[in-house]
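Have a look at my_file.pdb below; it lists PDB, C-alpha atoms.
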```pdb
MODEL        1
ATOM      1  CA  MET A 164      56.622 -92.271  40.104
ATOM      2  CA  LEU A 165      56.884 -88.743  41.520
ATOM      3  CA  ARG A 166      53.131 -88.142  41.671
ATOM      4  CA  ASN A 167      52.764 -91.077  44.044
ATOM      5  CA  ARG A 168      54.734 -89.091  46.621
ATOM      6  CA  ILE A 169      52.546 -85.971  46.336
ATOM      7  CA  PRO A 170      49.934 -85.871  49.148
ATOM      8  CA  PRO A 171      46.290 -85.140  48.282
ATOM      9  CA  MET A 172      45.587 -81.449  47.708
ATOM     10  CA  ALA A 173      42.787 -81.479  50.294
ATOM     11  CA  ALA A 174      45.261 -82.611  52.955
ATOM     12  CA  LEU A 175      47.757 -79.894  52.007
ATOM     13  CA  ILE A 176      45.091 -77.174  52.117
ATOM     14  CA  ALA A 177      43.875 -78.386  55.494
ATOM     15  CA  PHE A 178      47.431 -78.517  56.813
ATOM     16  CA  GLU A 179      48.277 -75.020  55.563
ATOM     17  CA  ALA A 180      45.221 -73.526  57.270
ATOM     18  CA  ALA A 181      45.813 -75.446  60.505
ATOM     19  CA  ALA A 182      49.484 -74.455  60.515
ATOM     20  CA  ARG A 183      48.703 -70.793  59.890
ATOM     21  CA  HIS A 184      46.237 -70.658  62.778
ATOM     22  CA  GLU A 185      47.899 -73.369  64.883
ATOM     23  CA  SER A 186      44.335 -74.429  65.489
ATOM     24  CA  PHE A 187      42.219 -77.218  63.993
ATOM     25  CA  THR A 188      39.097 -75.351  65.108
ATOM     26  CA  LEU A 189      39.965 -72.124  63.245
ATOM     27  CA  ALA A 190      41.118 -74.066  60.197
ATOM     28  CA  ALA A 191      37.814 -75.939  60.119
ATOM     29  CA  ARG A 192      35.884 -72.686  60.383
ATOM     30  CA  GLU A 193      37.894 -71.125  57.520
ATOM     31  CA  LEU A 194      37.447 -74.139  55.233
ATOM     32  CA  PHE A 195      33.811 -74.835  56.189
ATOM     33  CA  LEU A 196      34.723 -78.296  57.478
ATOM     34  CA  THR A 197      34.379 -80.040  60.801
ATOM     35  CA  GLU A 198      37.238 -80.147  63.236
ATOM     36  CA  SER A 199      37.312 -83.939  62.966
ATOM     37  CA  ALA A 200      37.645 -83.641  59.180
ATOM     38  CA  ILE A 201      40.699 -81.399  59.607
ATOM     39  CA  SER A 202      42.139 -83.844  62.116
ATOM     40  CA  ARG A 203      41.678 -86.767  59.700
ATOM     41  CA  GLN A 204      43.398 -84.853  56.899
ATOM     42  CA  ILE A 205      46.352 -84.007  59.141
ATOM     43  CA  ASN A 206      46.656 -87.607  60.372
ATOM     44  CA  ALA A 207      46.600 -88.863  56.768
ATOM     45  CA  LEU A 208      49.261 -86.331  55.800
ATOM     46  CA  GLU A 209      51.509 -87.306  58.721
ATOM     47  CA  SER A 210      51.134 -90.966  57.751
ATOM     48  CA  ASN A 211      51.974 -90.137  54.141
ATOM     49  CA  LEU A 212      55.096 -88.232  55.185
ATOM     50  CA  ASN A 213      55.958 -90.522  58.096
ATOM     51  CA  ILE A 214      56.652 -87.486  60.288
ATOM     52  CA  ARG A 215      54.890 -85.564  63.072
ATOM     53  CA  LEU A 216      53.693 -82.127  61.990
ATOM     54  CA  PHE A 217      51.857 -81.124  65.202
ATOM     55  CA  VAL A 218      52.145 -81.954  68.865
ATOM     56  CA  ARG A 219      49.503 -81.248  71.514
ATOM     57  CA  VAL A 220      50.507 -78.870  74.303
ATOM     58  CA  LYS A 221      47.924 -78.093  76.974
ATOM     59  CA  GLN A 222      44.922 -78.889  74.781
ATOM     60  CA  ARG A 223      46.191 -76.945  71.781
ATOM     61  CA  VAL A 224      48.165 -78.003  68.722
ATOM     62  CA  VAL A 225      51.651 -76.644  68.101
ATOM     63  CA  LEU A 226      53.746 -77.110  64.990
ATOM     64  CA  THR A 227      56.846 -79.224  65.271
ATOM     65  CA  ARG A 228      60.059 -77.847  63.788
ATOM     66  CA  ALA A 229      59.540 -80.003  60.693
ATOM     67  CA  GLY A 230      55.888 -78.966  60.561
ATOM     68  CA  ARG A 231      56.783 -75.257  60.612
ATOM     69  CA  LEU A 232      59.320 -75.680  57.811
ATOM     70  CA  TYR A 233      56.883 -77.751  55.735
ATOM     71  CA  SER A 234      54.060 -75.260  56.316
ATOM     72  CA  GLU A 235      56.177 -72.401  54.929
ATOM     73  CA  GLN A 236      57.034 -74.455  51.859
ATOM     74  CA  ILE A 237      53.438 -75.561  51.268
ATOM     75  CA  ARG A 238      52.115 -72.018  51.746
ATOM     76  CA  ALA A 239      54.520 -70.697  49.102
ATOM     77  CA  SER A 240      53.568 -73.531  46.741
ATOM     78  CA  LEU A 241      49.824 -72.934  47.165
ATOM     79  CA  ARG A 242      50.290 -69.230  46.519
ATOM     80  CA  ALA A 243      52.253 -70.030  43.367
ATOM     81  CA  ILE A 244      49.467 -72.349  42.189
ATOM     82  CA  GLU A 245      46.930 -69.600  42.864
ATOM     83  CA  ARG A 246      48.969 -67.051  40.874
ATOM     84  CA  ASP A 247      49.447 -69.482  37.998
ATOM     85  CA  THR A 248      45.736 -70.296  37.974
ATOM     86  CA  LEU A 249      44.763 -66.612  37.855
ATOM     87  CA  SER A 250      47.317 -66.045  35.116
ATOM     88  CA  ILE A 251      46.144 -68.918  32.924
ATOM     89  CA  SER A 252      42.520 -67.923  33.453
ATOM     90  CA  ALA A 253      43.333 -64.464  32.130
ATOM     91  CA  HIS A 254      44.664 -65.945  28.877
ATOM     92  CA  GLY A 255      41.191 -66.662  27.651
ATOM     93  CA  SER A 256      39.613 -63.384  28.732
ATOM     94  CA  GLY A 257      40.181 -59.667  28.516
ATOM     95  CA  ASP A 258      41.119 -59.480  32.190
ATOM     96  CA  GLY A 259      44.412 -59.910  33.978
ATOM     97  CA  SER A 260      47.901 -58.531  33.478
ATOM     98  CA  LEU A 261      50.735 -58.556  30.976
ATOM     99  CA  GLU A 262      54.356 -59.033  31.986
ATOM    100  CA  LEU A 263      56.316 -56.817  29.579
ATOM    101  CA  ALA A 264      60.090 -56.467  29.212
ATOM    102  CA  VAL A 265      61.013 -52.935  28.151
ATOM    103  CA  LEU A 266      63.969 -50.810  27.143
ATOM    104  CA  PRO A 267      64.281 -48.192  29.906
ATOM    105  CA  THR A 268      64.448 -44.975  27.871
ATOM    106  CA  PHE A 269      61.817 -46.176  25.401
ATOM    107  CA  ALA A 270      59.500 -46.915  28.319
ATOM    108  CA  LEU A 271      60.149 -43.567  30.021
ATOM    109  CA  GLU A 272      59.872 -41.301  26.993
ATOM    110  CA  TRP A 273      57.462 -43.098  24.659
ATOM    111  CA  LEU A 274      55.470 -45.921  26.236
ATOM    112  CA  ILE A 275      54.574 -44.729  29.740
ATOM    113  CA  PRO A 276      53.232 -41.311  28.652
ATOM    114  CA  ARG A 277      50.829 -43.127  26.294
ATOM    115  CA  LEU A 278      49.680 -45.837  28.725
ATOM    116  CA  PRO A 279      46.774 -43.815  30.155
ATOM    117  CA  GLY A 280      45.139 -44.204  26.742
ATOM    118  CA  PHE A 281      45.520 -47.980  26.982
ATOM    119  CA  TYR A 282      44.002 -48.073  30.465
ATOM    120  CA  GLU A 283      41.064 -45.984  29.312
ATOM    121  CA  LYS A 284      40.246 -48.712  26.787
ATOM    122  CA  HIS A 285      41.183 -51.653  29.018
ATOM    123  CA  PRO A 286      40.801 -50.691  32.706
ATOM    124  CA  GLN A 287      40.756 -54.370  33.712
ATOM    125  CA  ILE A 288      44.293 -55.039  32.420
ATOM    126  CA  ARG A 289      47.556 -54.009  34.040
ATOM    127  CA  VAL A 290      50.919 -53.888  32.263
ATOM    128  CA  ASN A 291      53.760 -54.842  34.606
ATOM    129  CA  MET A 292      57.173 -53.758  33.315
ATOM    130  CA  GLY A 293      60.705 -54.922  33.903
ATOM    131  CA  VAL A 294      63.913 -53.812  32.182
ATOM    132  CA  ARG A 295      65.688 -56.098  29.725
ATOM    133  CA  SER A 296      68.121 -54.495  27.285
ATOM    134  CA  ASN A 297      69.144 -57.670  25.478
ATOM    135  CA  PRO A 298      67.244 -60.610  23.943
ATOM    136  CA  PHE A 299      66.411 -63.397  26.388
ATOM    137  CA  SER A 300      64.599 -66.726  26.453
ATOM    138  CA  PHE A 301      60.890 -66.430  27.211
ATOM    139  CA  ASN A 302      61.081 -69.991  28.544
ATOM    140  CA  GLU A 303      63.508 -68.880  31.246
ATOM    141  CA  GLU A 304      61.838 -65.586  32.221
ATOM    142  CA  HIS A 305      58.391 -64.610  33.491
ATOM    143  CA  PHE A 306      57.877 -62.076  30.701
ATOM    144  CA  GLU A 307      55.107 -62.606  28.165
ATOM    145  CA  ALA A 308      56.207 -59.961  25.644
ATOM    146  CA  ALA A 309      59.069 -57.541  25.070
ATOM    147  CA  ILE A 310      59.947 -54.282  23.356
ATOM    148  CA  HIS A 311      63.068 -54.953  21.301
ATOM    149  CA  HIS A 312      65.413 -52.702  19.346
ATOM    150  CA  GLY A 313      67.477 -54.478  16.745
ATOM    151  CA  LYS A 314      67.066 -57.005  13.999
ATOM    152  CA  PRO A 315      63.692 -58.850  14.129
ATOM    153  CA  VAL A 316      65.325 -62.164  15.006
ATOM    154  CA  TRP A 317      64.089 -63.839  18.184
ATOM    155  CA  PRO A 318      63.856 -67.633  18.543
ATOM    156  CA  TRP A 319      60.346 -69.160  18.706
ATOM    157  CA  ALA A 320      58.732 -65.731  18.799
ATOM    158  CA  THR A 321      56.855 -63.273  16.607
ATOM    159  CA  SER A 322      58.360 -59.813  16.024
ATOM    160  CA  GLU A 323      56.025 -57.041  14.854
ATOM    161  CA  LEU A 324      57.474 -53.762  13.597
ATOM    162  CA  LEU A 325      56.673 -50.637  15.571
ATOM    163  CA  PHE A 326      58.849 -47.906  13.990
ATOM    164  CA  GLY A 327      62.379 -46.708  13.383
ATOM    165  CA  GLU A 328      64.082 -43.575  14.671
ATOM    166  CA  GLU A 329      66.086 -40.542  13.616
ATOM    167  CA  MET A 330      69.426 -39.979  15.362
ATOM    168  CA  VAL A 331      70.300 -36.358  16.108
ATOM    169  CA  VAL A 332      73.320 -34.598  17.603
ATOM    170  CA  ILE A 333      72.569 -32.619  20.765
ATOM    171  CA  ALA A 334      74.517 -30.528  23.269
ATOM    172  CA  ARG A 335      74.093 -27.570  25.590
ATOM    173  CA  LYS A 336      74.142 -24.281  23.757
ATOM    174  CA  ASP A 337      76.448 -22.728  26.347
ATOM    175  CA  LEU A 338      78.914 -25.601  25.834
ATOM    176  CA  ILE A 339      79.326 -25.311  22.070
ATOM    177  CA  GLY A 340      78.453 -21.647  21.534
ATOM    178  CA  ASN A 341      78.955 -20.830  17.838
ATOM    179  CA  SER A 342      82.056 -22.980  17.443
ATOM    180  CA  ILE A 343      80.518 -25.733  15.322
ATOM    181  CA  ARG A 344      80.470 -24.682  11.681
ATOM    182  CA  LYS A 345      81.319 -28.040  10.092
ATOM    183  CA  ALA A 346      81.042 -31.692  11.110
ATOM    184  CA  SER A 347      84.700 -32.007  12.123
ATOM    185  CA  ASP A 348      84.220 -29.246  14.711
ATOM    186  CA  LEU A 349      82.349 -31.772  16.875
ATOM    187  CA  LEU A 350      85.704 -33.427  17.571
ATOM    188  CA  LYS A 351      86.694 -30.440  19.695
ATOM    189  CA  PHE A 352      84.294 -31.689  22.376
ATOM    190  CA  PRO A 353      83.809 -34.970  24.255
ATOM    191  CA  LEU A 354      81.500 -37.234  22.273
ATOM    192  CA  LEU A 355      78.986 -39.206  24.322
ATOM    193  CA  PHE A 356      78.185 -42.645  22.945
ATOM    194  CA  SER A 357      75.890 -45.577  23.674
ATOM    195  CA  THR A 358      77.711 -48.699  24.812
ATOM    196  CA  THR A 359      74.914 -50.752  23.240
ATOM    197  CA  ARG A 360      75.224 -48.946  19.876
ATOM    198  CA  GLN A 361      78.914 -48.254  19.546
ATOM    199  CA  GLU A 362      78.764 -47.913  15.744
ATOM    200  CA  SER A 363      76.345 -44.967  15.786
ATOM    201  CA  TRP A 364      79.010 -42.274  15.712
ATOM    202  CA  ARG A 365      80.906 -44.087  12.943
ATOM    203  CA  GLN A 366      77.696 -44.124  10.898
ATOM    204  CA  TRP A 367      77.239 -40.398  11.526
ATOM    205  CA  PHE A 368      80.856 -39.684  10.515
ATOM    206  CA  ASP A 369      80.304 -41.631   7.287
ATOM    207  CA  ALA A 370      77.123 -39.668   6.552
ATOM    208  CA  ALA A 371      79.053 -36.430   7.231
ATOM    209  CA  LYS A 372      81.776 -37.628   4.799
ATOM    210  CA  LEU A 373      84.507 -37.429   7.403
ATOM    211  CA  PRO A 374      87.618 -39.561   6.825
ATOM    212  CA  GLN A 375      87.295 -43.254   7.677
ATOM    213  CA  ASP A 376      90.078 -42.943  10.264
ATOM    214  CA  THR A 377      88.299 -40.183  12.193
ATOM    215  CA  VAL A 378      88.614 -40.902  15.902
ATOM    216  CA  PRO A 379      87.455 -38.486  18.625
ATOM    217  CA  GLU A 380      90.115 -37.577  21.160
ATOM    218  CA  ARG A 381      87.651 -37.755  24.028
ATOM    219  CA  SER A 382      84.577 -39.937  24.367
ATOM    220  CA  VAL A 383      82.429 -41.182  27.228
ATOM    221  CA  GLY A 384      80.131 -44.224  27.120
ATOM    222  CA  PHE A 385      76.700 -44.686  28.694
ATOM    223  CA  GLU A 386      74.548 -47.820  28.757
ATOM    224  CA  GLN A 387      71.211 -46.004  28.521
ATOM    225  CA  HIS A 388      70.126 -43.179  26.237
ATOM    226  CA  SER A 389      68.432 -41.437  29.147
ATOM    227  CA  MET A 390      71.854 -41.195  30.809
ATOM    228  CA  MET A 391      73.410 -39.814  27.603
ATOM    229  CA  ILE A 392      70.706 -37.167  27.266
ATOM    230  CA  ARG A 393      71.114 -36.158  30.899
ATOM    231  CA  ALA A 394      74.889 -35.963  30.411
ATOM    232  CA  ALA A 395      74.456 -33.727  27.362
ATOM    233  CA  GLU A 396      71.984 -31.584  29.303
ATOM    234  CA  SER A 397      74.592 -31.265  32.069
ATOM    235  CA  GLY A 398      77.238 -30.035  29.616
ATOM    236  CA  LEU A 399      79.427 -33.152  29.626
ATOM    237  CA  GLY A 400      79.676 -33.353  25.851
ATOM    238  CA  ILE A 401      77.847 -33.934  22.576
ATOM    239  CA  ALA A 402      75.467 -36.882  22.265
ATOM    240  CA  LEU A 403      74.015 -38.774  19.300
ATOM    241  CA  VAL A 404      70.579 -39.965  20.360
ATOM    242  CA  PRO A 405      67.109 -40.823  18.982
ATOM    243  CA  GLU A 406      65.316 -37.490  18.611
ATOM    244  CA  PHE A 407      62.069 -38.682  20.210
ATOM    245  CA  PHE A 408      63.961 -39.687  23.352
ATOM    246  CA  VAL A 409      64.905 -36.073  24.123
ATOM    247  CA  PRO A 410      62.251 -34.729  26.522
ATOM    248  CA  LYS A 411      60.830 -31.242  26.234
ATOM    249  CA  THR A 412      62.435 -30.359  29.554
ATOM    250  CA  ALA A 413      65.890 -30.920  28.020
ATOM    251  CA  TRP A 414      65.170 -28.563  25.100
ATOM    252  CA  ASP A 415      63.783 -26.033  27.574
ATOM    253  CA  ASN A 416      66.916 -26.392  29.699
ATOM    254  CA  GLY A 417      69.350 -25.273  26.999
ATOM    255  CA  VAL A 418      69.860 -28.389  24.853
ATOM    256  CA  VAL A 419      70.070 -27.657  21.103
ATOM    257  CA  ARG A 420      70.829 -29.481  17.890
ATOM    258  CA  ALA A 421      74.628 -29.244  17.712
ATOM    259  CA  HIS A 422      74.681 -30.044  13.972
ATOM    260  CA  PRO A 423      71.849 -30.215  11.427
ATOM    261  CA  LEU A 424      72.837 -33.631  10.066
ATOM    262  CA  SER A 425      70.667 -36.486  11.319
ATOM    263  CA  ILE A 426      70.728 -40.133  10.306
ATOM    264  CA  PRO A 427      68.164 -42.937  10.449
ATOM    265  CA  ALA A 428      69.075 -45.750  12.822
ATOM    266  CA  GLU A 429      69.870 -49.038  11.099
ATOM    267  CA  ASP A 430      67.510 -50.975  13.368
ATOM    268  CA  SER A 431      63.902 -50.503  14.452
ATOM    269  CA  TYR A 432      61.682 -51.155  17.465
ATOM    270  CA  TYR A 433      59.584 -54.308  17.628
ATOM    271  CA  LEU A 434      56.954 -55.866  19.834
ATOM    272  CA  VAL A 435      58.078 -59.445  20.454
ATOM    273  CA  TYR A 436      56.086 -62.267  22.004
ATOM    274  CA  PRO A 437      56.264 -66.089  22.079
ATOM    275  CA  ASN A 438      54.412 -67.851  19.295
ATOM    276  CA  ASN A 439      52.242 -69.683  21.824
ATOM    277  CA  MET A 440      50.975 -66.485  23.501
ATOM    278  CA  ARG A 441      48.635 -65.148  20.805
ATOM    279  CA  HIS A 442      45.628 -66.611  22.640
ATOM    280  CA  SER A 443      46.304 -64.367  25.665
ATOM    281  CA  GLY A 444      43.574 -61.779  26.138
ATOM    282  CA  PRO A 445      45.830 -59.156  27.816
ATOM    283  CA  LEU A 446      48.554 -59.590  25.183
ATOM    284  CA  GLU A 447      46.130 -59.321  22.275
ATOM    285  CA  ALA A 448      44.603 -56.146  23.717
ATOM    286  CA  PHE A 449      48.043 -54.587  24.271
ATOM    287  CA  ARG A 450      49.270 -55.705  20.856
ATOM    288  CA  ALA A 451      46.350 -54.086  19.013
ATOM    289  CA  TRP A 452      46.755 -50.874  21.013
ATOM    290  CA  ILE A 453      50.527 -50.460  20.654
ATOM    291  CA  LEU A 454      50.529 -51.263  16.935
ATOM    292  CA  ASP A 455      47.919 -48.567  16.414
ATOM    293  CA  GLU A 456      49.879 -46.075  18.535
ATOM    294  CA  ALA A 457      53.104 -46.948  16.711
ATOM    295  CA  GLN A 458      51.502 -46.491  13.289
ATOM    296  CA  ARG A 459      50.234 -43.027  14.203
ATOM    297  CA  PHE A 460      53.604 -42.074  15.710
ATOM    298  CA  ALA A 461      55.510 -43.343  12.655
ATOM    299  CA  GLN A 462      53.556 -40.935  10.481
ATOM    300  CA  THR A 463      55.199 -38.049  12.355
ATOM    301  CA  LEU A 464      58.725 -39.332  11.607
ATOM    302  CA  PRO A 465      60.805 -38.540   8.498
ATOM    303  CA  PRO A 466      59.971 -41.129   5.795
ATOM    304  CA  ARG A 467      63.384 -42.737   6.049
ATOM    305  CA  SER A 468      62.877 -43.400   9.776
ATOM    306  CA  GLN A 469      59.403 -44.892   9.730
ATOM    307  CA  GLY A 470      60.791 -48.403  10.036
ATOM    308  CA  ILE A 471      61.892 -51.255   7.844
ATOM    309  CA  SER A 472      59.625 -54.155   7.097
TER     310      SER A 472
ENDMDL
END
```

Could you show the structure in this file as structure tokens?
Amino acid sequence: MLRNRIPPMAALIAFEAAARHESFTLAARELFLTESAISRQINALESNLNIRLFVRVKQRVVLTRAGRLYSEQIRASLRAIERDTLSISAHGSGDGSLELAVLPTFALEWLIPRLPGFYEKHPQIRVNMGVRSNPFSFNEEHFEAAIHHGKPVWPWATSELLFGEEMVVIARKDLIGNSIRKASDLLKFPLLFSTTRQESWRQWFDAAKLPQDTVPERSVGFEQHSMMIRAAESGLGIALVPEFFVPKTAWDNGVVRAHPLSIPAEDSYYLVYPNNMRHSGPLEAFRAWILDEAQRFAQTLPPRSQGIS
């Protein structure tokens, strides 16, 4: 069996220290062992592997080529074991970190500005973030939770509603002037759209009672809402975006509501986590905090945008 080929952990630890120092004496001092004990562990490991890991050169030990390669591999493996041990230890406590997958604009405009409040309550926890815009398998990623926008369908995971959003039409005032008096006037300008929500403008057209065959002559797609907002702020066209994503700096820089009609998004934001993670101390602390923050934020939204259960 495979485990019969795995050397004893004590031998691997002794080897890693000896290889790092290229000295049995320094390795023994670091591990609070005798030099002869280190030597015995190395000899046992070489016998187990049937390969020389060290050679003696002028009364000092030097790694062989195979020994140097093996030492790098063992060092990486021991570090991984240490990280995994610290991570699993944190699951049963309030300490540690949470690996969170986020939507970039949501993180920039909503989550990050509120995180100081989380750290005030839980200074011993750190939330590490990485961007994921689409659903993924928790079994294949290092993430322990995710912020998701869409239908609350995620295999082998729990999805908890945060809130919905109101979509508004924005543009630079000096781009549109006073030329927009009715919904169809928007078609005079390039319409900026989200490549991840390509039906948003069609939904707005329907709400504005424009003909079903309405097609803008010019349109430009962006993957992230932050890019769309920046494009609208730069005068590239008219954007349909979640209102709470538009930063104060954009309003201060000449961005205005290009049309009074707004629509609720069909989908909502959710906190998603694997079903087997509820025992994690960092996750439970973050979950309680973000659900409370989301509830208070939802109360500031129009009733139709507070989310769907």

task: Translate the PyMOL selection byres ((chain A and resi 291) around 12), as applied to the file shown, into an explicit residue set as a list in words.
output: Gly259, Ser260, Leu261, Glu262, Leu263, Ala264, Val265, Ala270, Ile275, Leu278, Ile288, Arg289, Val290, Met292, Gly293, Val294, His305, Phe306, Glu307, Ala308, Ala309, Pro445, Leu446 and Phe449 of chain A

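Comparing the minimum interatomic distances between A:Arg360 and each of A:Val435, A:Met330, A:Ala174, A:Ile169, counting all atoms listed in the file, we find that A:Met330 sits nearest.
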
- request: May I ask which of the residues A:Glu272, A:Asp376, A:Glu283, A:Glu209 is the closest one to A:Pro410, counting all atoms listed in the file?
  value: A:Glu272

Evaluate the PyMOL selection byres ((chain A and resi 181) around 10) on the structure here and hand back the selected residues as a compact mmCIF listing (two decimals) with C-alpha atoms, in the coordinates of the input.
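Listing of result-v9.txt after writing:
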```txt
# COMPACT_ATOMS: atom_id res chain seq x y z
CA LEU A 175 47.76 -79.89 52.01
CA ILE A 176 45.09 -77.17 52.12
CA ALA A 177 43.88 -78.39 55.49
CA PHE A 178 47.43 -78.52 56.81
CA GLU A 179 48.28 -75.02 55.56
CA ALA A 180 45.22 -73.53 57.27
CA ALA A 182 49.48 -74.46 60.52
CA ARG A 183 48.70 -70.79 59.89
CA HIS A 184 46.24 -70.66 62.78
CA GLU A 185 47.90 -73.37 64.88
CA SER A 186 44.34 -74.43 65.49
CA PHE A 187 42.22 -77.22 63.99
CA THR A 188 39.10 -75.35 65.11
CA LEU A 189 39.97 -72.12 63.24
CA ALA A 190 41.12 -74.07 60.20
CA ALA A 191 37.81 -75.94 60.12
CA GLU A 193 37.89 -71.12 57.52
CA LEU A 194 37.45 -74.14 55.23
CA ILE A 201 40.70 -81.40 59.61
CA SER A 202 42.14 -83.84 62.12
CA ILE A 205 46.35 -84.01 59.14
CA PHE A 217 51.86 -81.12 65.20
CA VAL A 224 48.16 -78.00 68.72
CA VAL A 225 51.65 -76.64 68.10
CA LEU A 226 53.75 -77.11 64.99
CA SER A 234 54.06 -75.26 56.32
```

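Distances here use only C-alpha atoms; by that measure, the residue among A:Gly280, A:Glu303, A:Met172, A:Arg228 closest to A:Ser240 is A:Met172.
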
task: Excluding stretch 367-375 of chain A and any residue of its chain fewer than 3 positions from it, enumerate the residues within 7 Å of it, using only C-alpha atoms, and give them as number ranges by chain.
output: A: 346, 363-364, 426

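We find atom CA of A:Gly313 and atom CA of A:Phe301 to be spaced 17.2 Å apart.
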
task: Find the residues near A:Ser322: any atom within 8 Å, counting only C-alpha atoms, skip ones fewer than 6 places away on the same chain, and give them as a PyMOL selection string.
output: chain A and resi 315-316+433-436

Length of the atom CA of A:Val383 to atom CA of A:Arg420 vector [Å]: 18.9 Å

Explicit residues for the PyMOL selection byres ((chain A and resi 215) around 9) (as a PDB file with C-alpha atoms, in the coordinates of the input):
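Printed below is part-v3.pdb as written:
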```pdb
ATOM      1  CA  ASN A 206      46.656 -87.607  60.372  1.00  0.00           C
ATOM      2  CA  GLU A 209      51.509 -87.306  58.721  1.00  0.00           C
ATOM      3  CA  SER A 210      51.134 -90.966  57.751  1.00  0.00           C
ATOM      4  CA  LEU A 212      55.096 -88.232  55.185  1.00  0.00           C
ATOM      5  CA  ASN A 213      55.958 -90.522  58.096  1.00  0.00           C
ATOM      6  CA  ILE A 214      56.652 -87.486  60.288  1.00  0.00           C
ATOM      7  CA  LEU A 216      53.693 -82.127  61.990  1.00  0.00           C
ATOM      8  CA  PHE A 217      51.857 -81.124  65.202  1.00  0.00           C
ATOM      9  CA  VAL A 218      52.145 -81.954  68.865  1.00  0.00           C
ATOM     10  CA  LEU A 226      53.746 -77.110  64.990  1.00  0.00           C
ATOM     11  CA  THR A 227      56.846 -79.224  65.271  1.00  0.00           C
ATOM     12  CA  ALA A 229      59.540 -80.003  60.693  1.00  0.00           C
ATOM     13  CA  GLY A 230      55.888 -78.966  60.561  1.00  0.00           C
TER      14      GLY A 230
END
```

I want to know what sits within 12 Å of A:Arg393, based on all atoms listed in the file, with residues of the same chain fewer than 3 positions away left out; could you give that as a PDB file with C-alpha atoms, in the coordinates of the input?
```
ATOM      1  CA  THR A 268      64.448 -44.975  27.871  1.00  0.00           C
ATOM      2  CA  ILE A 333      72.569 -32.619  20.765  1.00  0.00           C
ATOM      3  CA  ALA A 334      74.517 -30.528  23.269  1.00  0.00           C
ATOM      4  CA  ARG A 335      74.093 -27.570  25.590  1.00  0.00           C
ATOM      5  CA  LEU A 355      78.986 -39.206  24.322  1.00  0.00           C
ATOM      6  CA  PHE A 385      76.700 -44.686  28.694  1.00  0.00           C
ATOM      7  CA  GLN A 387      71.211 -46.004  28.521  1.00  0.00           C
ATOM      8  CA  HIS A 388      70.126 -43.179  26.237  1.00  0.00           C
ATOM      9  CA  SER A 389      68.432 -41.437  29.147  1.00  0.00           C
ATOM     10  CA  MET A 390      71.854 -41.195  30.809  1.00  0.00           C
ATOM     11  CA  GLU A 396      71.984 -31.584  29.303  1.00  0.00           C
ATOM     12  CA  SER A 397      74.592 -31.265  32.069  1.00  0.00           C
ATOM     13  CA  GLY A 398      77.238 -30.035  29.616  1.00  0.00           C
ATOM     14  CA  LEU A 399      79.427 -33.152  29.626  1.00  0.00           C
ATOM     15  CA  GLY A 400      79.676 -33.353  25.851  1.00  0.00           C
ATOM     16  CA  ILE A 401      77.847 -33.934  22.576  1.00  0.00           C
ATOM     17  CA  ALA A 402      75.467 -36.882  22.265  1.00  0.00           C
ATOM     18  CA  VAL A 404      70.579 -39.965  20.360  1.00  0.00           C
ATOM     19  CA  PHE A 408      63.961 -39.687  23.352  1.00  0.00           C
ATOM     20  CA  VAL A 409      64.905 -36.073  24.123  1.00  0.00           C
ATOM     21  CA  PRO A 410      62.251 -34.729  26.522  1.00  0.00           C
ATOM     22  CA  THR A 412      62.435 -30.359  29.554  1.00  0.00           C
ATOM     23  CA  ALA A 413      65.890 -30.920  28.020  1.00  0.00           C
ATOM     24  CA  TRP A 414      65.170 -28.563  25.100  1.00  0.00           C
ATOM     25  CA  ASN A 416      66.916 -26.392  29.699  1.00  0.00           C
ATOM     26  CA  GLY A 417      69.350 -25.273  26.999  1.00  0.00           C
ATOM     27  CA  VAL A 418      69.860 -28.389  24.853  1.00  0.00           C
TER      28      VAL A 418
END
```
